[in-house]
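Q: Once you've had a glance at the structure underneath, I'll fire off some questions.
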Amino acid sequence: MFGILSYGAYVPMFRLSRDQIAKAWGGGSGAGEKAVANFDEDSLTMGVEAAVDCLQGIDHKSIDALYFVSLTHPYQEKQAASIIAEVLDLKPDTFTLDIDNSPRGATSAFRLAADAIASGSAKKVLVIASDCRVTAPHSGDEMLFGDGAAAFLLGDARPAVTIDNAYHVFNSFMDTWRLPNEPFNRTWEDRFIFGEGYSKIAPQAVAAALKQFKATIKDFAKVVLYAPDQRRHTELARALGVDAKTQLQEAFFNNIGHTGSAFVPMMLVATLQEAKAGDKILTFNYGDGCDVHALTVTAGIEKLRNRRGIKKYLASKLPVSYYQQYLIFRDLVIEEPGGRATRTSSLPVLWRERKNLVSLIGQKCRVCGTVNFPLQRLCIECQTEGEFDDYPIWDKKGKIFTFSMDERTVQPVAPSVACIMDLEGGGRFYGNITDRDPATIDVGQEVEFTFRNIHDGGGLHNYFWKMRTVRG
Amino acid sequence: MESIKDKVAIVGMGCTKFGERFDVGGFDLIIESASEALEDAGIELKDIQAAWLGSSGFSTGQPLSHALKLNYIPVARVENACGTGLEAIRGAAYALMAKAYDIVLALGVEKLKDRGRGGGGAEGETGKGPQPSYGIQATAPGRYALAATKHFATYGTERKHLAMISVKSHHNGARNPRAMFRREITVEQALNAPMIAWPLGLFDCCGVADGSAAAIMCRTEDVKKFGFRDDFITVKALANSCGQGTGKNREDYDFLHWEETYRASQQIYQQAGIKDPRKEIDIVECHDCFSIAELMCYEDMGFCQKGTAKDDIEAGSFTQEGYERGGVAFNIGGGLKSFGHPIGASGCRETYEIYKEIQGKAQEPSRQLKNVELGMAHSQGGHPGNFVCNMALYGIPGK
């Protein structure tokens, strides 16, 4: 049976209250808050986080294919999936693919995974959906959109959730679109977009799918529905006869926001975190057509209870102190020229050191057992040359040995917290703490690694790892 | 191994006014310090047979030759991060010992204020230097602050102790006409100043300055032959300890000491036969780029026990008054704290302070200590866990 072997999700640490957005533009107030990526995060780094959550206890080398789904790939030309495969240290012949342009890309990727597994070209497929959509200041999208990611490992060996039926239909209707050289989405008048689009297309697709699945809406314990906003979410549930109290999966407009191609995947993760064996789940995804899936939860779900998922990441949060800080996060502020040192990158260094920088793999000396990081030619303890085994660092937790808070940083947000971290099982890491509340950092605190874009320079994203206090 | 003790003499020195020298360029700084040194030594440029240029920003020996119009003599440019100035003196001293030349010039210079930005250098970025930076995004104060945090957590040292170091150095620097900052400060001012890298505030950090200092040197045995004055000082010992840079990667590095400073000071004591530095050494011009750096020097050079610096700070052991009570004066010239830190110049500038104090010629009489016979200079580049340290001990010949 084809289905979900594991799931994971990621909600960035920072939340921006809609009141703050409203106040910034002289309006009244807004409801709830939205999750916003820190300045050092993008769709790729959040996707890695979701994948790390999903792959707890799973051998990365067992993955045969990786599909990375996003509307906001960090490069227009340059595959993000290949970078993520490097980060996760997947085996060299892993099939990698970027999927973009439609918010329903993740559930479409389920179809590709099903076909790949059916054909025998892959046994395990990792699907990651992640979005960090930049919105125009003072726009409706600014209020609506949030950032986040979800990941699923798909396969046919005793899945925790079986994917029983799938229905796919395309539609060339234009609701939102973005032109190649424009930073923000465009749309049309609501009356048309919803009246002629979503509100007509969605119920028709669900009805057609149910007919094909030989099922009724009442068969499902939970229903996951894509919607462009809270109002349409409620309206579609009502139109389909979904019981809002018992059946309808919450859409998180109030505390995460609309996360683009990660929206339905994140809802599905939230559903699975609460699901029990035997539950039937219906998912409806939308954008340039529709994907509808029927799933059944098996007893295997119990093995995935340690995933942080939506539940734990949602509970772990820090407020964005003021609206302008959010603009700085999204690089929407024009800076005073010459205020900071020019940022550079060296492609040969990024390439040569990728195992160190991107995969965060250190070495263990075969002679004295000392953990060496960064990579050394001669052991830092016994000076033996070249007698090392690979030693993953990225999955280790550690304790803050000492730290400082640098106000003279060239990072967008000060202070930059520099930290010496001593790793469980040996080894020391010298880096920065991110997603932090400077007032609560102290010597001895437990920290873990998180994958970040440490700076942009020379047109390149410099990905590396930082530390954060343990979430979830 | 032959000891250098008393074999090399410094017979003339010069030092520019340090500070924001928007009035002059790097060549002018070179000419300013070299001219004073030549005049002090009573010789002319043509008497110099070889030179060492210590500079971080000027590459090659050419700037020295260009500025002074040297007559095609050998010029070596040396660079050892913040230890650069003392590295120039070290190179010159050993060339004299080797009898390759008879009279040489060692000059340190840096022009930092022409780049249009305040503060120190930029943070690590990929592709800078021989190794990638591995993502650490911290400035020099951010890196030194790591040690302050740890010292606080381990020994109960407080920000006020660091402030008292800075108050002492500004008290000294206020009375030094060559210093960049010449105002006294209070502990309260230091504690309430803007934060630079917690726990280091503005007054825990040295400034960024332009400056140059120069030394004319010859073999001690030749001082009379060349007709130099008899108030010359001699080199007692020279040290350099270059760390492996693994302190930040090894769990056994405690961020509570400067290993390279400890090692270099041991080299000095061994060469000069120093048994008890606190009793034998009179003054120390140490690398106080940050207040925590000076605090660590007290402990790592053996002037007090590890973890007890705060007691000596509270007792004022390393102030001018402490010296008069039989203690050791640290940074009687004002230190990097008052002078700023033109990288290549600082080690030569420290040497200048010691030279003047031993000669009894401190530029301001109230700062002149009595009976100074041995002075130690200390410069270290890099950051905690990853230093290169240069040190020198100077004194009255034969003592």
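In the structure tokens, each chain is lettered A, B, ... as it comes, each chain's residues begin at 1, and ligands are numbered from 1 in order of appearance.
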Apply DSSP to the backbone of this structure and, from stretch 157-217 of chain A, keep only the residues in strand (DSSP E); write these as a list in words.

A: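 Selection result, strand (DSSP E) within stretch 157-217 of chain A: Val161, Thr162, Ile163, Asp164, Asn165, Ala166, Tyr167, His168, Val169, Phe170, Thr176, Trp177, Arg186 and Thr187 of chain A.
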
Q: Would you export the selected residues with N, CA, C and O atoms as an mmCIF file, in the first residue's frame, please?

A:
data_model
loop_
_atom_site.group_PDB
_atom_site.id
_atom_site.type_symbol
_atom_site.label_atom_id
_atom_site.label_comp_id
_atom_site.auth_asym_id
_atom_site.auth_seq_id
_atom_site.Cartn_x
_atom_site.Cartn_y
_atom_site.Cartn_z
ATOM 1 N N VAL A 161 0.124 6.058 7.137
ATOM 2 C CA VAL A 161 -1.134 6.541 6.575
ATOM 3 C C VAL A 161 -1.191 6.055 5.133
ATOM 4 O O VAL A 161 -0.268 6.338 4.363
ATOM 5 N N THR A 162 -2.231 5.310 4.766
ATOM 6 C CA THR A 162 -2.319 4.872 3.375
ATOM 7 C C THR A 162 -3.021 5.954 2.556
ATOM 8 O O THR A 162 -3.925 6.638 3.048
ATOM 9 N N ILE A 163 -2.549 6.135 1.343
ATOM 10 C CA ILE A 163 -3.226 7.058 0.416
ATOM 11 C C ILE A 163 -4.055 6.163 -0.509
ATOM 12 O O ILE A 163 -3.526 5.444 -1.362
ATOM 13 N N ASP A 164 -5.373 6.200 -0.285
ATOM 14 C CA ASP A 164 -6.257 5.214 -0.913
ATOM 15 C C ASP A 164 -6.718 5.646 -2.301
ATOM 16 O O ASP A 164 -6.811 4.830 -3.210
ATOM 17 N N ASN A 165 -7.025 6.902 -2.435
ATOM 18 C CA ASN A 165 -7.573 7.384 -3.700
ATOM 19 C C ASN A 165 -7.004 8.763 -4.017
ATOM 20 O O ASN A 165 -6.687 9.518 -3.118
ATOM 21 N N ALA A 166 -6.921 9.051 -5.314
ATOM 22 C CA ALA A 166 -6.457 10.375 -5.723
ATOM 23 C C ALA A 166 -7.282 10.854 -6.909
ATOM 24 O O ALA A 166 -7.666 10.064 -7.782
ATOM 25 N N TYR A 167 -7.560 12.124 -6.917
ATOM 26 C CA TYR A 167 -8.310 12.733 -8.021
ATOM 27 C C TYR A 167 -7.581 14.020 -8.403
ATOM 28 O O TYR A 167 -7.244 14.834 -7.538
ATOM 29 N N HIS A 168 -7.309 14.190 -9.693
ATOM 30 C CA HIS A 168 -6.591 15.388 -10.140
ATOM 31 C C HIS A 168 -7.333 16.016 -11.310
ATOM 32 O O HIS A 168 -7.813 15.307 -12.201
ATOM 33 N N VAL A 169 -7.453 17.322 -11.292
ATOM 34 C CA VAL A 169 -8.064 18.024 -12.420
ATOM 35 C C VAL A 169 -7.351 19.353 -12.595
ATOM 36 O O VAL A 169 -6.929 19.977 -11.621
ATOM 37 N N PHE A 170 -7.134 19.730 -13.835
ATOM 38 C CA PHE A 170 -6.495 21.043 -14.051
ATOM 39 C C PHE A 170 -7.544 22.100 -14.333
ATOM 40 O O PHE A 170 -8.677 21.788 -14.687
ATOM 41 N N THR A 176 -4.438 34.059 -8.750
ATOM 42 C CA THR A 176 -3.288 34.886 -8.368
ATOM 43 C C THR A 176 -2.124 34.470 -9.258
ATOM 44 O O THR A 176 -2.019 33.314 -9.666
ATOM 45 N N TRP A 177 -1.300 35.413 -9.536
ATOM 46 C CA TRP A 177 -0.139 35.130 -10.380
ATOM 47 C C TRP A 177 0.957 36.147 -10.061
ATOM 48 O O TRP A 177 0.710 37.188 -9.465
ATOM 49 N N ARG A 186 -0.096 39.275 -8.039
ATOM 50 C CA ARG A 186 -1.213 40.063 -8.578
ATOM 51 C C ARG A 186 -2.487 39.250 -8.450
ATOM 52 O O ARG A 186 -2.446 38.023 -8.396
ATOM 53 N N THR A 187 -3.613 39.922 -8.456
ATOM 54 C CA THR A 187 -4.886 39.211 -8.483
ATOM 55 C C THR A 187 -5.927 40.090 -9.169
ATOM 56 O O THR A 187 -5.581 41.121 -9.773
#

Q: For A:Ala85, find every residue with an atom within 8 Å (counting only C-alpha atoms), except residues of its own chain fewer than 5 positions away, and show them as a list in words.

A: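 Those residues are Leu66, Leu90, Thr94 and Thr96 of chain A.
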
Q: Considering only C-alpha atoms, give me a table of residues in chain A that are at most 8 Å from chain B, with the closest atom pair and distance in Å for each, as a tab-separated table.

A:
residue	atom	partner	partner_atom	distance
A:Gly338	CA	B:Arg117	CA	7.8
A:Gly339	CA	B:Arg117	CA	7.3
A:Ala341	CA	B:Ala122	CA	6.0
A:Arg343	CA	B:Glu125	CA	7.4
A:Thr344	CA	B:Glu125	CA	6.7
A:Ser345	CA	B:Thr126	CA	5.4
A:Ser346	CA	B:Gly127	CA	4.6
A:Leu347	CA	B:Gly127	CA	7.9
A:Pro348	CA	B:Gly127	CA	7.8
A:Val349	CA	B:Gly127	CA	5.7
A:Leu350	CA	B:Thr126	CA	7.2
A:Glu353	CA	B:Pro132	CA	8.0
A:Leu357	CA	B:Tyr134	CA	6.6
A:Asn372	CA	B:Asn249	CA	7.1
A:Phe373	CA	B:Asn249	CA	6.2
A:Pro374	CA	B:Tyr134	CA	7.4
A:Ile380	CA	B:Thr246	CA	6.5
A:Phe401	CA	B:Lys150	CA	7.7
A:Thr402	CA	B:Leu146	CA	5.5
A:Phe403	CA	B:Leu146	CA	4.8
A:Ser404	CA	B:Leu146	CA	5.1
A:Met405	CA	B:Trp198	CA	4.8
A:Asp406	CA	B:Ala197	CA	3.9
A:Glu407	CA	B:Ile196	CA	5.1
A:Arg408	CA	B:Ile196	CA	6.3
A:Thr409	CA	B:Ala138	CA	6.4
A:Val410	CA	B:Glu123	CA	7.2
A:Gln411	CA	B:Gln137	CA	7.8
A:Pro415	CA	B:Ala197	CA	7.6
A:Ser416	CA	B:Ala138	CA	7.0
A:Val417	CA	B:Ala138	CA	7.9
A:Ala418	CA	B:Ala138	CA	6.1
A:Cys419	CA	B:Leu146	CA	7.3
A:Ile420	CA	B:Lys248	CA	7.2
A:Asp422	CA	B:Glu251	CA	6.4
A:Gly426	CA	B:Glu251	CA	7.6
A:Gly427	CA	B:Glu251	CA	6.4
A:Arg428	CA	B:Asn249	CA	4.8
A:Phe429	CA	B:Asn249	CA	6.1
A:Tyr430	CA	B:Lys248	CA	6.2
A:Gly431	CA	B:Ile136	CA	4.5
A:Asn432	CA	B:Ile136	CA	6.0
A:Val443	CA	B:Ala153	CA	7.7
A:Ile454	CA	B:Gly135	CA	6.6
A:Phe464	CA	B:Gly135	CA	6.5
A:Trp465	CA	B:Gly135	CA	7.6

Q: Choose the residue, out of B:Thr186, B:Thr308, B:Asn386, B:Thr157, that has the smallest atom-to-atom separation from B:Gly243; count only C-alpha atoms.

A: B:Asn386

Q: Using only C-alpha atoms, which protein or nucleic acid residues come within 6 Å of stretch 331-343 of chain B? Drop anything in the same chain fewer than 6 positions from it, and give the result as a PDB file with N, CA and C atoms, in the first residue's frame.

A:
ATOM      1  N   PHE B  18      48.815  59.660  18.107  1.00  0.00           N
ATOM      2  CA  PHE B  18      47.842  58.672  17.627  1.00  0.00           C
ATOM      3  C   PHE B  18      46.453  59.297  17.609  1.00  0.00           C
ATOM      4  N   CYS B  82      47.812  41.640  15.180  1.00  0.00           N
ATOM      5  CA  CYS B  82      48.046  42.732  16.127  1.00  0.00           C
ATOM      6  C   CYS B  82      49.436  42.664  16.731  1.00  0.00           C
ATOM      7  N   GLU B 110      50.077  52.165  10.798  1.00  0.00           N
ATOM      8  CA  GLU B 110      48.769  51.781  10.251  1.00  0.00           C
ATOM      9  C   GLU B 110      47.937  53.027   9.994  1.00  0.00           C
ATOM     10  N   SER B 169      43.375  53.097  32.759  1.00  0.00           N
ATOM     11  CA  SER B 169      44.106  53.371  31.510  1.00  0.00           C
ATOM     12  C   SER B 169      43.813  54.776  31.003  1.00  0.00           C
ATOM     13  N   HIS B 170      42.563  55.206  31.127  1.00  0.00           N
ATOM     14  CA  HIS B 170      42.241  56.579  30.698  1.00  0.00           C
ATOM     15  C   HIS B 170      42.902  57.613  31.613  1.00  0.00           C
ATOM     16  N   ASN B 172      45.792  57.274  32.924  1.00  0.00           N
ATOM     17  CA  ASN B 172      47.171  57.367  32.420  1.00  0.00           C
ATOM     18  C   ASN B 172      47.218  58.088  31.073  1.00  0.00           C
ATOM     19  N   GLY B 173      46.320  57.711  30.181  1.00  0.00           N
ATOM     20  CA  GLY B 173      46.337  58.272  28.827  1.00  0.00           C
ATOM     21  C   GLY B 173      46.012  59.753  28.805  1.00  0.00           C
ATOM     22  N   ALA B 179      48.506  60.440  23.064  1.00  0.00           N
ATOM     23  CA  ALA B 179      47.337  59.553  23.080  1.00  0.00           C
ATOM     24  C   ALA B 179      46.182  60.120  22.255  1.00  0.00           C
ATOM     25  N   MET B 180      45.305  59.224  21.849  1.00  0.00           N
ATOM     26  CA  MET B 180      44.123  59.596  21.080  1.00  0.00           C
ATOM     27  C   MET B 180      43.049  60.189  22.016  1.00  0.00           C
ATOM     28  N   PHE B 181      42.773  59.484  23.096  1.00  0.00           N
ATOM     29  CA  PHE B 181      41.748  59.941  24.043  1.00  0.00           C
ATOM     30  C   PHE B 181      42.437  60.472  25.287  1.00  0.00           C
ATOM     31  N   CYS B 206      38.944  49.477  22.806  1.00  0.00           N
ATOM     32  CA  CYS B 206      39.853  50.515  22.354  1.00  0.00           C
ATOM     33  C   CYS B 206      39.301  51.124  21.078  1.00  0.00           C
ATOM     34  N   GLY B 207      39.836  52.271  20.741  1.00  0.00           N
ATOM     35  CA  GLY B 207      39.373  52.946  19.538  1.00  0.00           C
ATOM     36  C   GLY B 207      40.111  52.464  18.301  1.00  0.00           C
ATOM     37  N   VAL B 208      39.674  52.991  17.177  1.00  0.00           N
ATOM     38  CA  VAL B 208      40.340  52.739  15.905  1.00  0.00           C
ATOM     39  C   VAL B 208      41.113  54.010  15.576  1.00  0.00           C
ATOM     40  N   ALA B 209      42.412  53.880  15.340  1.00  0.00           N
ATOM     41  CA  ALA B 209      43.248  55.076  15.191  1.00  0.00           C
ATOM     42  C   ALA B 209      44.286  54.901  14.092  1.00  0.00           C
ATOM     43  N   ASP B 210      44.894  56.016  13.733  1.00  0.00           N
ATOM     44  CA  ASP B 210      46.063  56.022  12.868  1.00  0.00           C
ATOM     45  C   ASP B 210      47.280  56.263  13.753  1.00  0.00           C
ATOM     46  N   GLY B 211      48.408  55.754  13.356  1.00  0.00           N
ATOM     47  CA  GLY B 211      49.604  56.052  14.123  1.00  0.00           C
ATOM     48  C   GLY B 211      50.811  55.285  13.632  1.00  0.00           C
ATOM     49  N   GLU B 285      53.367  47.099  29.189  1.00  0.00           N
ATOM     50  CA  GLU B 285      52.484  47.714  28.201  1.00  0.00           C
ATOM     51  C   GLU B 285      51.817  46.541  27.495  1.00  0.00           C
ATOM     52  N   ASP B 288      45.653  45.785  25.451  1.00  0.00           N
ATOM     53  CA  ASP B 288      44.325  45.952  26.045  1.00  0.00           C
ATOM     54  C   ASP B 288      43.331  46.423  24.990  1.00  0.00           C
ATOM     55  N   CYS B 289      43.244  45.669  23.900  1.00  0.00           N
ATOM     56  CA  CYS B 289      42.265  46.021  22.861  1.00  0.00           C
ATOM     57  C   CYS B 289      40.873  46.058  23.488  1.00  0.00           C
ATOM     58  N   GLU B 353      56.875  53.562  24.882  1.00  0.00           N
ATOM     59  CA  GLU B 353      56.489  53.939  26.247  1.00  0.00           C
ATOM     60  C   GLU B 353      57.495  53.408  27.261  1.00  0.00           C
TER      61      GLU B 353
END

Q: Taking the DSSP secondary structure from the backbone, can you list the residues of stretch 53-130 of chain A that are alpha helix (DSSP H), as a ChimeraX atom specification?

A: /A:53-54,80-87,105-119

Q: Any idea what's packed within 8 Å of A:Phe68, counting only C-alpha atoms, ignoring anything in its chain fewer than 3 positions away? Could you give it as a ChimeraX atom specification?

A: /A:47,80-81,96-99,127-130

Q: Quick one: distance from atom CA of B:Gln380 to atom CA of B:Gly83 in Å, one decimal?

A: 5.0 Å

Q: Applying 9 Å and only C-alpha atoms, which residues near B:Glu221 remain after dropping the ones on its own chain fewer than 5 positions away? List them as a PDB file with N, CA and C atoms, in the first residue's frame.

A:
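Heads up, here's the output in selection29.pdb:
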ATOM      1  N   LYS B   7      72.070  41.883  24.144  1.00  0.00           N
ATOM      2  CA  LYS B   7      72.959  41.943  22.965  1.00  0.00           C
ATOM      3  C   LYS B   7      72.516  42.981  21.940  1.00  0.00           C
ATOM      4  N   VAL B   8      71.242  43.370  22.027  1.00  0.00           N
ATOM      5  CA  VAL B   8      70.724  44.346  21.058  1.00  0.00           C
ATOM      6  C   VAL B   8      70.208  45.562  21.815  1.00  0.00           C
ATOM      7  N   ALA B   9      70.529  46.743  21.307  1.00  0.00           N
ATOM      8  CA  ALA B   9      70.143  47.985  21.978  1.00  0.00           C
ATOM      9  C   ALA B   9      69.184  48.800  21.116  1.00  0.00           C
TER      10      ALA B   9
END

Q: List the neighbours of A:Phe220 out to 6 Å using only C-alpha atoms; skip same-chain residues closer than 2 positions along the sequence, and give me the result as a ChimeraX atom specification.

A: /A:217-218,222,280-281

Q: Those residues you just picked out, can you put them in a file as an mmCIF file, in the first residue's frame with C-alpha atoms?

A:
data_model
loop_
_atom_site.group_PDB
_atom_site.id
_atom_site.type_symbol
_atom_site.label_atom_id
_atom_site.label_comp_id
_atom_site.auth_asym_id
_atom_site.auth_seq_id
_atom_site.Cartn_x
_atom_site.Cartn_y
_atom_site.Cartn_z
ATOM 1 C CA ILE A 217 -18.174 13.477 3.011
ATOM 2 C CA LYS A 218 -19.543 11.840 6.167
ATOM 3 C CA LYS A 222 -11.178 14.893 9.215
ATOM 4 C CA LYS A 280 -10.223 8.449 7.239
ATOM 5 C CA ILE A 281 -8.980 11.801 5.989
#

Q: Identify, on the basis of only C-alpha atoms, every residue whose closest approach to A:Ser121 does not exceed 12 Å; exclude the query and any residue fewer than 2 positions from it along the same chain; express the result as an MDAnalysis selection string.

A: chainID A and resid 63:65 93:95 112:119 123:125 155

Q: Deliver the residues from the most recent selection as a file, using N, CA and C atoms, as a PDB file, in the first residue's frame.

A:
ATOM      1  N   ILE A  63      16.580   7.203   1.175  1.00  0.00           N
ATOM      2  CA  ILE A  63      15.683   8.020   0.331  1.00  0.00           C
ATOM      3  C   ILE A  63      16.144   7.957  -1.129  1.00  0.00           C
ATOM      4  N   ASP A  64      15.185   7.707  -2.019  1.00  0.00           N
ATOM      5  CA  ASP A  64      15.521   7.546  -3.443  1.00  0.00           C
ATOM      6  C   ASP A  64      15.222   8.791  -4.271  1.00  0.00           C
ATOM      7  N   ALA A  65      14.274   9.608  -3.795  1.00  0.00           N
ATOM      8  CA  ALA A  65      13.908  10.790  -4.578  1.00  0.00           C
ATOM      9  C   ALA A  65      13.496  11.911  -3.643  1.00  0.00           C
ATOM     10  N   ASP A  93      22.840   9.100  -5.943  1.00  0.00           N
ATOM     11  CA  ASP A  93      21.925   8.856  -7.069  1.00  0.00           C
ATOM     12  C   ASP A  93      20.459   9.160  -6.712  1.00  0.00           C
ATOM     13  N   THR A  94      20.273   9.976  -5.681  1.00  0.00           N
ATOM     14  CA  THR A  94      18.905  10.412  -5.353  1.00  0.00           C
ATOM     15  C   THR A  94      18.370  11.281  -6.490  1.00  0.00           C
ATOM     16  N   PHE A  95      17.137  10.995  -6.899  1.00  0.00           N
ATOM     17  CA  PHE A  95      16.497  11.796  -7.946  1.00  0.00           C
ATOM     18  C   PHE A  95      15.955  13.079  -7.325  1.00  0.00           C
ATOM     19  N   LEU A 112       3.258  12.109  -8.317  1.00  0.00           N
ATOM     20  CA  LEU A 112       4.542  11.731  -8.918  1.00  0.00           C
ATOM     21  C   LEU A 112       5.221  10.635  -8.089  1.00  0.00           C
ATOM     22  N   ALA A 113       5.123  10.788  -6.775  1.00  0.00           N
ATOM     23  CA  ALA A 113       5.738   9.801  -5.886  1.00  0.00           C
ATOM     24  C   ALA A 113       5.052   8.449  -6.040  1.00  0.00           C
ATOM     25  N   ALA A 114       3.727   8.470  -6.100  1.00  0.00           N
ATOM     26  CA  ALA A 114       2.965   7.226  -6.254  1.00  0.00           C
ATOM     27  C   ALA A 114       3.374   6.514  -7.546  1.00  0.00           C
ATOM     28  N   ASP A 115       3.510   7.321  -8.615  1.00  0.00           N
ATOM     29  CA  ASP A 115       3.890   6.736  -9.913  1.00  0.00           C
ATOM     30  C   ASP A 115       5.315   6.188  -9.880  1.00  0.00           C
ATOM     31  N   ALA A 116       6.194   6.928  -9.232  1.00  0.00           N
ATOM     32  CA  ALA A 116       7.597   6.481  -9.154  1.00  0.00           C
ATOM     33  C   ALA A 116       7.690   5.169  -8.384  1.00  0.00           C
ATOM     34  N   ILE A 117       6.955   5.104  -7.284  1.00  0.00           N
ATOM     35  CA  ILE A 117       7.003   3.900  -6.459  1.00  0.00           C
ATOM     36  C   ILE A 117       6.332   2.723  -7.176  1.00  0.00           C
ATOM     37  N   ALA A 118       5.228   3.023  -7.859  1.00  0.00           N
ATOM     38  CA  ALA A 118       4.538   1.967  -8.617  1.00  0.00           C
ATOM     39  C   ALA A 118       5.427   1.424  -9.733  1.00  0.00           C
ATOM     40  N   SER A 119       6.212   2.312 -10.324  1.00  0.00           N
ATOM     41  CA  SER A 119       7.067   1.892 -11.445  1.00  0.00           C
ATOM     42  C   SER A 119       8.327   1.182 -10.957  1.00  0.00           C
ATOM     43  N   LYS A 123      11.762   3.669  -3.890  1.00  0.00           N
ATOM     44  CA  LYS A 123      11.045   3.028  -2.778  1.00  0.00           C
ATOM     45  C   LYS A 123      10.587   4.058  -1.753  1.00  0.00           C
ATOM     46  N   LYS A 124      11.419   5.065  -1.559  1.00  0.00           N
ATOM     47  CA  LYS A 124      11.056   6.118  -0.611  1.00  0.00           C
ATOM     48  C   LYS A 124      11.260   7.480  -1.282  1.00  0.00           C
ATOM     49  N   VAL A 125      10.212   8.306  -1.211  1.00  0.00           N
ATOM     50  CA  VAL A 125      10.270   9.630  -1.827  1.00  0.00           C
ATOM     51  C   VAL A 125       9.995  10.678  -0.754  1.00  0.00           C
ATOM     52  N   GLY A 155       6.025   6.116   0.622  1.00  0.00           N
ATOM     53  CA  GLY A 155       6.535   4.814   0.201  1.00  0.00           C
ATOM     54  C   GLY A 155       5.444   3.769   0.320  1.00  0.00           C
TER      55      GLY A 155
END

Q: Distance atom CA of A:Pro103-atom CA of A:Ile83, one decimal place?

A: 21.6 Å

Q: Which is closest to A:Gly459 among A:Ser172, A:Ser6, A:Ala262, A:Gln76, if we use only C-alpha atoms?

A: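 That would be A:Gln76, the residue with the smallest distance to A:Gly459.
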
Q: For atom CA of B:Ile48 and atom CA of B:Ala215, quote the distance in Å rounded to one decimal.

A: 11.2 Å
